[in-house]
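Below you'll find the structure, written out as structure tokens, and then a few comments.
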Amino acid sequence: MILENVDVVTDINKEDFQKNYFKKHKPLLIKNFASRWDAFDQWNFDFIREKAGEQEVPLYDNKPTDASKSTDAPIMKMKMKDYIDTIKSKPSDLRIFFYIITDRLPELLKNFTYPDLGMKFFKRLPTLFFGGSDAHVLMHYDVDLGDFLHIHFEGKKRILLFDQKQSAFLYKVPLSVHTIYDLDYENPDYEKFPALKHAKGFEIFMEHGDALFIPGAFWHFNRYLEPGFSMSLRALPHKPNVFANMLYHVFIMRYTDKLMRKIFKAKWVNYKQKWAYEKSLKALGRFENKKEIRIYK
């Protein structure tokens, strides 16, 4: 992979953000972004454990979902306080996915204000994501194609970002928003996945209070280096063509894939994995042919 650093600032006004990042579809890391909140000291595990400790939460791990089950089926459930104690006490790959704050912990919403960056945030869905020190999230892009601000708390986190132009090099699985299951982005096997070495993206390390602007439809791989949690503030697509593409992703592509998975189970999953691999090999061949043509011109 060819990885670059994103631009990093400690502060930015709405005009500069809109001109240089939002409209250009360009990622940006804002260091210590959340530290300016009056209640910043309440964005930690202790506050969540105290307020939501008795809630039962669904948990996921690093393994791909069983082909015989729904893709959003958890591996187990646990009380929030027990989950937090577990990931703080030992290495764990257990994650909480899409914890909707407005439904489950509205008190937390009093502890911040939406940033004035010119983004029209969908205020119904501020969400939290938790992970232990061994947890990672499969490379994917969000099905709603929305831009979002990703704010991290507690331990350190590593994120890889790629735009859609890199999809073929990432081994994108057809009719899905993720890549091949056995592709390890931390220790990539370039012999098995040769196209990956040509993927151009960004590598970001986040710490407590940092915010990352991730443009809509960007591929992202999240790796918790230490126990932590993040909040995502979403802005849904506003351009007609992107909005139409979002409707296709949410209501046609996703449900077609779910139906095929329900009918054919592992056969469908394995077929798509093979299909993705073959498509990326073809893309690699086209890329290398163009490269040779440029050299010999």
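Here, A, B, ... name the chains of the structure tokens in the order displayed, residue numbers run from 1 inside each chain, and ligands are numbered from 1 in the same displayed order.
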Residues flagged helix (DSSP H, G or I) by DSSP in range 57-287 of chain A, as number ranges by chain:
A: 80-89, 101-104, 106-111, 164-170, 194-198, 240-264, 266-287
Export, as a compact mmCIF listing (two decimals), in the first residue's frame, the selected residues with C-alpha atoms.
# COMPACT_ATOMS: atom_id res chain seq x y z
CA MET A 80 -22.14 -2.36 29.46
CA LYS A 81 -20.29 -2.23 32.79
CA ASP A 82 -19.01 -5.79 32.31
CA TYR A 83 -17.96 -5.04 28.74
CA ILE A 84 -15.99 -1.94 29.78
CA ASP A 85 -14.35 -3.83 32.65
CA THR A 86 -13.40 -6.65 30.26
CA ILE A 87 -11.71 -4.52 27.59
CA LYS A 88 -9.91 -2.41 30.22
CA SER A 89 -8.55 -5.44 32.06
CA ILE A 101 -26.76 7.91 21.77
CA THR A 102 -30.19 9.53 21.38
CA ASP A 103 -31.88 6.21 22.25
CA ARG A 104 -29.53 4.76 24.85
CA PRO A 106 -29.15 10.94 25.84
CA GLU A 107 -27.37 12.47 28.86
CA LEU A 108 -24.14 12.30 26.89
CA LEU A 109 -25.56 14.63 24.23
CA LYS A 110 -25.62 17.44 26.81
CA ASN A 111 -21.84 17.24 27.01
CA GLN A 164 -13.47 4.93 -4.23
CA LYS A 165 -10.92 5.08 -7.06
CA GLN A 166 -8.89 2.49 -5.13
CA SER A 167 -11.72 -0.07 -4.88
CA ALA A 168 -10.31 -2.53 -7.41
CA PHE A 169 -6.91 -2.57 -5.67
CA LEU A 170 -8.62 -3.20 -2.30
CA PRO A 194 -0.67 -8.26 -5.36
CA ALA A 195 -3.09 -5.49 -6.37
CA LEU A 196 -3.08 -4.13 -2.81
CA LYS A 197 0.47 -2.80 -3.12
CA HIS A 198 -0.81 -0.21 -5.62
CA PRO A 240 -28.88 14.44 -6.26
CA ASN A 241 -26.59 11.88 -7.91
CA VAL A 242 -25.00 10.84 -4.61
CA PHE A 243 -28.42 10.71 -2.91
CA ALA A 244 -29.71 8.44 -5.69
CA ASN A 245 -26.65 6.21 -5.31
CA MET A 246 -27.31 6.07 -1.57
CA LEU A 247 -30.89 4.89 -2.20
CA TYR A 248 -29.52 2.17 -4.49
CA HIS A 249 -27.01 1.05 -1.82
CA VAL A 250 -29.55 1.02 1.02
CA PHE A 251 -32.68 -0.34 -0.66
CA ILE A 252 -31.50 -2.40 -3.64
CA MET A 253 -27.91 -3.57 -3.27
CA ARG A 254 -28.07 -4.34 0.44
CA TYR A 255 -31.36 -6.23 0.29
CA THR A 256 -30.35 -8.13 -2.84
CA ASP A 257 -27.23 -9.30 -1.03
CA LYS A 258 -29.22 -10.24 2.09
CA LEU A 259 -31.67 -12.26 0.01
CA MET A 260 -28.91 -14.12 -1.84
CA ARG A 261 -27.10 -14.77 1.43
CA LYS A 262 -30.29 -16.15 2.99
CA ILE A 263 -30.94 -18.47 0.03
CA PHE A 264 -27.43 -19.68 -0.82
CA ALA A 266 -21.88 -19.95 2.32
CA LYS A 267 -22.00 -20.64 -1.43
CA TRP A 268 -22.98 -17.02 -2.09
CA VAL A 269 -20.35 -15.63 0.29
CA ASN A 270 -17.60 -17.78 -1.20
CA TYR A 271 -18.68 -16.93 -4.75
CA LYS A 272 -18.45 -13.21 -4.02
CA GLN A 273 -15.02 -13.60 -2.41
CA LYS A 274 -13.73 -15.38 -5.52
CA TRP A 275 -15.41 -12.81 -7.78
CA ALA A 276 -13.73 -9.96 -5.88
CA TYR A 277 -10.30 -11.59 -6.19
CA GLU A 278 -10.66 -12.11 -9.93
CA LYS A 279 -11.85 -8.55 -10.53
CA SER A 280 -8.83 -7.15 -8.68
CA LEU A 281 -6.43 -9.34 -10.65
CA LYS A 282 -7.94 -8.02 -13.88
CA ALA A 283 -7.59 -4.45 -12.60
CA LEU A 284 -3.97 -5.16 -11.70
CA GLY A 285 -3.32 -6.46 -15.21
CA ARG A 286 -4.81 -3.35 -16.80
CA PHE A 287 -2.77 -1.14 -14.46
Using only C-alpha atoms, the residue out of A:Leu59, A:Leu149, A:Met76, A:Val9 with shortest distance to Gly118 in chain A is A:Leu149
Contacts between range 138-142 of chain A and range 168-228 of chain A, please, where a residue of range 168-228 of chain A counts if it comes within 12 Å (with only C-alpha atoms); show its shortest atom pair and distance in Å to one decimal, rows by chain and ascending number, as a Markdown table.
| residue | atom | partner | partner_atom | distance |
| --- | --- | --- | --- | --- |
| A:Leu170 | CA | A:Met139 | CA | 8.7 |
| A:Tyr171 | CA | A:Met139 | CA | 10.0 |
| A:Lys172 | CA | A:His140 | CA | 8.7 |
| A:Val173 | CA | A:His140 | CA | 9.9 |
| A:Ser176 | CA | A:His140 | CA | 8.7 |
| A:Val177 | CA | A:His140 | CA | 5.4 |
| A:His178 | CA | A:His140 | CA | 4.1 |
| A:Thr179 | CA | A:Met139 | CA | 5.9 |
| A:Ile180 | CA | A:Met139 | CA | 8.6 |
| A:Tyr181 | CA | A:Leu138 | CA | 7.5 |
| A:Asp182 | CA | A:Leu138 | CA | 9.6 |
| A:Leu183 | CA | A:Met139 | CA | 9.0 |
| A:Asp184 | CA | A:Leu138 | CA | 9.2 |
| A:Tyr185 | CA | A:Met139 | CA | 8.2 |
| A:Glu186 | CA | A:Met139 | CA | 11.2 |
| A:Ile214 | CA | A:Tyr141 | CA | 10.2 |
| A:Pro215 | CA | A:Tyr141 | CA | 10.1 |
| A:Gly216 | CA | A:Asp142 | CA | 7.7 |
| A:Ala217 | CA | A:Tyr141 | CA | 5.4 |
| A:Phe218 | CA | A:Tyr141 | CA | 5.7 |
| A:Trp219 | CA | A:Tyr141 | CA | 4.5 |
| A:His220 | CA | A:Met139 | CA | 5.5 |
| A:Phe221 | CA | A:Met139 | CA | 4.4 |
| A:Asn222 | CA | A:Leu138 | CA | 7.5 |
| A:Arg223 | CA | A:Leu138 | CA | 9.2 |
Secondary structure check, strand (DSSP E) residues of range 5-152 of chain A, as a ChimeraX atom specification
/A:7-9,28-30,56-59,76-79,95-100,127-131,136-140,147-152
Residues from last step as file, N, CA, C and O atoms, as a short mmCIF file (atom, residue, chain, number, x, y, z; two decimals), in the first residue's frame:
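That gives us again.cif:
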data_model
loop_
_atom_site.label_atom_id
_atom_site.label_comp_id
_atom_site.auth_asym_id
_atom_site.auth_seq_id
_atom_site.Cartn_x
_atom_site.Cartn_y
_atom_site.Cartn_z
N ASP A 7 -3.72 15.95 6.18
CA ASP A 7 -3.44 17.26 6.75
C ASP A 7 -3.88 17.25 8.22
O ASP A 7 -4.91 16.64 8.57
N VAL A 8 -3.11 17.94 9.06
CA VAL A 8 -3.40 18.01 10.50
C VAL A 8 -3.46 19.47 10.93
O VAL A 8 -2.56 20.25 10.61
N VAL A 9 -4.52 19.84 11.66
CA VAL A 9 -4.65 21.19 12.20
C VAL A 9 -5.07 21.06 13.66
O VAL A 9 -5.53 20.01 14.11
N LEU A 28 -9.33 15.21 6.87
CA LEU A 28 -8.62 16.16 7.71
C LEU A 28 -8.65 15.67 9.15
O LEU A 28 -9.70 15.25 9.66
N LEU A 29 -7.50 15.74 9.84
CA LEU A 29 -7.43 15.42 11.27
C LEU A 29 -7.32 16.72 12.06
O LEU A 29 -6.44 17.54 11.81
N ILE A 30 -8.23 16.88 13.03
CA ILE A 30 -8.22 18.05 13.91
C ILE A 30 -7.81 17.58 15.29
O ILE A 30 -8.58 16.91 16.00
N GLU A 56 -27.84 -3.84 28.53
CA GLU A 56 -27.31 -4.98 27.80
C GLU A 56 -26.96 -4.54 26.39
O GLU A 56 -27.77 -3.91 25.72
N VAL A 57 -25.74 -4.85 25.94
CA VAL A 57 -25.28 -4.39 24.63
C VAL A 57 -24.85 -5.58 23.78
O VAL A 57 -24.28 -6.55 24.27
N PRO A 58 -25.13 -5.53 22.47
CA PRO A 58 -24.68 -6.59 21.56
C PRO A 58 -23.20 -6.41 21.24
O PRO A 58 -22.72 -5.28 21.08
N LEU A 59 -22.47 -7.52 21.16
CA LEU A 59 -21.03 -7.47 20.93
C LEU A 59 -20.65 -8.21 19.66
O LEU A 59 -21.28 -9.20 19.27
N MET A 76 -22.57 -12.22 20.99
CA MET A 76 -23.03 -12.36 22.37
C MET A 76 -23.58 -11.01 22.85
O MET A 76 -23.46 -10.00 22.16
N LYS A 77 -24.14 -11.04 24.05
CA LYS A 77 -24.59 -9.81 24.69
C LYS A 77 -24.01 -9.76 26.11
O LYS A 77 -23.74 -10.79 26.71
N MET A 78 -23.84 -8.54 26.60
CA MET A 78 -23.22 -8.35 27.90
C MET A 78 -23.66 -7.01 28.47
O MET A 78 -24.01 -6.10 27.71
N LYS A 79 -23.66 -6.86 29.78
CA LYS A 79 -23.95 -5.56 30.35
C LYS A 79 -22.80 -4.60 30.04
O LYS A 79 -21.64 -5.01 30.01
N ARG A 95 -16.23 -5.72 20.25
CA ARG A 95 -16.63 -4.37 19.84
C ARG A 95 -18.12 -4.15 20.07
O ARG A 95 -18.92 -5.10 20.07
N ILE A 96 -18.49 -2.90 20.26
CA ILE A 96 -19.89 -2.48 20.22
C ILE A 96 -20.04 -1.65 18.96
O ILE A 96 -19.26 -0.72 18.71
N PHE A 97 -21.04 -1.99 18.17
CA PHE A 97 -21.24 -1.36 16.87
C PHE A 97 -22.53 -0.54 16.88
O PHE A 97 -23.58 -1.00 17.30
N PHE A 98 -22.44 0.71 16.44
CA PHE A 98 -23.60 1.56 16.18
C PHE A 98 -24.50 1.70 17.42
O PHE A 98 -25.69 1.41 17.39
N TYR A 99 -23.92 2.18 18.50
CA TYR A 99 -24.66 2.47 19.74
C TYR A 99 -25.26 3.87 19.58
O TYR A 99 -24.53 4.87 19.59
N ILE A 100 -26.59 3.94 19.42
CA ILE A 100 -27.25 5.22 19.13
C ILE A 100 -27.45 6.02 20.42
O ILE A 100 -28.21 5.61 21.31
N THR A 127 -23.68 8.41 16.93
CA THR A 127 -23.48 7.02 17.35
C THR A 127 -22.09 6.81 17.96
O THR A 127 -21.13 7.51 17.62
N LEU A 128 -22.02 5.82 18.85
CA LEU A 128 -20.76 5.44 19.47
C LEU A 128 -20.32 4.07 18.96
O LEU A 128 -21.16 3.21 18.65
N PHE A 129 -19.00 3.88 18.91
CA PHE A 129 -18.40 2.61 18.54
C PHE A 129 -17.30 2.33 19.56
O PHE A 129 -16.47 3.20 19.82
N PHE A 130 -17.29 1.12 20.14
CA PHE A 130 -16.33 0.76 21.18
C PHE A 130 -15.46 -0.40 20.69
O PHE A 130 -15.91 -1.24 19.91
N GLY A 131 -14.24 -0.48 21.23
CA GLY A 131 -13.39 -1.61 20.88
C GLY A 131 -12.31 -1.85 21.90
O GLY A 131 -11.79 -0.92 22.53
N HIS A 136 -10.56 -4.77 15.55
CA HIS A 136 -10.50 -3.99 14.32
C HIS A 136 -11.81 -4.15 13.56
O HIS A 136 -12.59 -5.06 13.82
N VAL A 137 -12.03 -3.24 12.63
CA VAL A 137 -13.24 -3.26 11.82
C VAL A 137 -12.84 -3.53 10.38
O VAL A 137 -11.93 -2.89 9.84
N LEU A 138 -13.49 -4.49 9.75
CA LEU A 138 -13.22 -4.85 8.37
C LEU A 138 -13.23 -3.61 7.47
O LEU A 138 -14.06 -2.72 7.65
N MET A 139 -12.31 -3.57 6.52
CA MET A 139 -12.28 -2.46 5.58
C MET A 139 -13.64 -2.34 4.89
O MET A 139 -14.15 -3.29 4.31
N HIS A 140 -14.23 -1.13 4.94
CA HIS A 140 -15.57 -0.93 4.39
C HIS A 140 -15.80 0.54 4.12
O HIS A 140 -15.01 1.40 4.53
N ASP A 147 -20.99 11.93 4.57
CA ASP A 147 -19.76 12.48 5.16
C ASP A 147 -19.91 12.39 6.68
O ASP A 147 -21.02 12.52 7.21
N PHE A 148 -18.80 12.21 7.39
CA PHE A 148 -18.95 12.22 8.84
C PHE A 148 -17.69 12.69 9.55
O PHE A 148 -16.57 12.64 9.02
N LEU A 149 -17.93 13.17 10.77
CA LEU A 149 -16.85 13.58 11.66
C LEU A 149 -16.73 12.50 12.72
O LEU A 149 -17.69 12.18 13.41
N HIS A 150 -15.53 11.93 12.83
CA HIS A 150 -15.27 10.79 13.71
C HIS A 150 -14.40 11.28 14.86
O HIS A 150 -13.24 11.69 14.64
N ILE A 151 -14.93 11.29 16.09
CA ILE A 151 -14.23 11.86 17.24
C ILE A 151 -13.87 10.73 18.21
O ILE A 151 -14.75 9.95 18.61
N HIS A 152 -12.61 10.62 18.55
CA HIS A 152 -12.14 9.47 19.33
C HIS A 152 -11.83 9.84 20.78
O HIS A 152 -11.39 10.94 21.08
#
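In this comparison, which uses only C-alpha atoms, the residue of A:Pro237, A:Gly201, A:Gly209, A:Gly132 approaching Phe112 in chain A most closely is A:Gly209.
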Quick one: distance from CA of Glu226 in chain A to CA of Asp134 in chain A in Å, one decimal?
7.7 Å
From A:Asp72, A:Glu154, A:Asp189, A:Asp210, residue lying nearest Asn44 in chain A [only C-alpha atoms]
A:Glu154
What lies within 10 Å of Lys123 in chain A using only C-alpha atoms, ignoring chain neighbours under 6 positions off, as an MDAnalysis selection string?
chainID A and resid 102 114 233:235
In Å, how far is it from CA of Leu175 in chain A to CA of Met119 in chain A?
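Computed distance, CA of Leu175 in chain A to CA of Met119 in chain A, equals 28.9 Å.
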Neighbouring residues of Glu15 in chain A were defined as those with any atom within 10 Å, considering only C-alpha atoms; residues of the same chain fewer than 5 positions away were excluded. Please report them as JSON, numbers by chain.
{"A": [20, 21, 22, 116, 117, 118]}
Prev. selection, N, CA and C atoms, output as an mmCIF file, in the first residue's frame:
data_model
loop_
_atom_site.group_PDB
_atom_site.id
_atom_site.type_symbol
_atom_site.label_atom_id
_atom_site.label_comp_id
_atom_site.auth_asym_id
_atom_site.auth_seq_id
_atom_site.Cartn_x
_atom_site.Cartn_y
_atom_site.Cartn_z
ATOM 1 N N ASN A 20 -11.396 23.907 1.589
ATOM 2 C CA ASN A 20 -10.199 23.085 1.394
ATOM 3 C C ASN A 20 -10.395 21.594 1.660
ATOM 4 N N TYR A 21 -11.491 21.218 2.321
ATOM 5 C CA TYR A 21 -11.662 19.810 2.683
ATOM 6 C C TYR A 21 -13.039 19.256 2.311
ATOM 7 N N PHE A 22 -14.108 19.878 2.775
ATOM 8 C CA PHE A 22 -15.438 19.338 2.517
ATOM 9 C C PHE A 22 -15.754 19.307 1.028
ATOM 10 N N ASP A 116 -19.455 23.924 14.237
ATOM 11 C CA ASP A 116 -19.898 24.833 13.181
ATOM 12 C C ASP A 116 -18.917 24.754 12.017
ATOM 13 N N LEU A 117 -19.086 23.701 11.206
ATOM 14 C CA LEU A 117 -18.200 23.462 10.067
ATOM 15 C C LEU A 117 -18.947 23.508 8.738
ATOM 16 N N GLY A 118 -20.221 23.879 8.790
ATOM 17 C CA GLY A 118 -21.004 23.957 7.567
ATOM 18 C C GLY A 118 -21.573 22.622 7.135
#
Shell of 12 Å around Glu4 in chain A, only C-alpha atoms, local chain residues under 6 positions omitted, as a short mmCIF file (atom, residue, chain, number, x, y, z; two decimals) with N, CA, C and O atoms, in the first residue's frame:
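result-v8.cif was written with the following content:
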data_model
loop_
_atom_site.label_atom_id
_atom_site.label_comp_id
_atom_site.auth_asym_id
_atom_site.auth_seq_id
_atom_site.Cartn_x
_atom_site.Cartn_y
_atom_site.Cartn_z
N PRO A 27 -9.84 14.24 3.39
CA PRO A 27 -9.83 14.00 4.84
C PRO A 27 -9.01 15.05 5.59
O PRO A 27 -8.09 15.66 5.03
N ILE A 159 -6.27 4.37 11.74
CA ILE A 159 -7.27 4.33 10.68
C ILE A 159 -6.58 4.43 9.33
O ILE A 159 -5.66 5.23 9.14
N LEU A 160 -7.02 3.60 8.39
CA LEU A 160 -6.60 3.70 7.00
C LEU A 160 -7.78 4.19 6.18
O LEU A 160 -8.91 3.73 6.36
N LEU A 161 -7.53 5.12 5.27
CA LEU A 161 -8.57 5.68 4.41
C LEU A 161 -8.17 5.55 2.94
O LEU A 161 -7.01 5.78 2.58
N PHE A 162 -9.16 5.23 2.11
CA PHE A 162 -8.96 5.16 0.66
C PHE A 162 -10.21 5.71 -0.02
O PHE A 162 -11.33 5.46 0.45
N ALA A 199 -2.57 0.28 -3.98
CA ALA A 199 -3.64 1.10 -3.40
C ALA A 199 -3.05 2.32 -2.70
O ALA A 199 -2.16 2.20 -1.85
N LYS A 200 -3.54 3.50 -3.07
CA LYS A 200 -3.05 4.76 -2.50
C LYS A 200 -4.06 5.29 -1.49
O LYS A 200 -5.23 5.45 -1.81
N GLY A 201 -3.58 5.52 -0.27
CA GLY A 201 -4.49 5.98 0.77
C GLY A 201 -3.79 6.78 1.83
O GLY A 201 -2.69 7.30 1.63
N PHE A 202 -4.45 6.87 2.99
CA PHE A 202 -3.95 7.67 4.11
C PHE A 202 -3.88 6.81 5.36
O PHE A 202 -4.72 5.94 5.58
N GLU A 203 -2.88 7.08 6.20
CA GLU A 203 -2.75 6.43 7.50
C GLU A 203 -2.85 7.49 8.58
O GLU A 203 -2.15 8.50 8.54
N ILE A 204 -3.74 7.26 9.57
CA ILE A 204 -3.99 8.24 10.62
C ILE A 204 -3.92 7.56 11.97
O ILE A 204 -4.45 6.46 12.15
N PHE A 205 -3.28 8.20 12.93
CA PHE A 205 -3.28 7.75 14.31
C PHE A 205 -4.04 8.78 15.14
O PHE A 205 -3.69 9.96 15.15
#
Provide the CA of Ile48 in chain A to CA of Ala34 in chain A distance in Å, to one decimal place.
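That distance, rounded to one decimal, is 16.6 Å.
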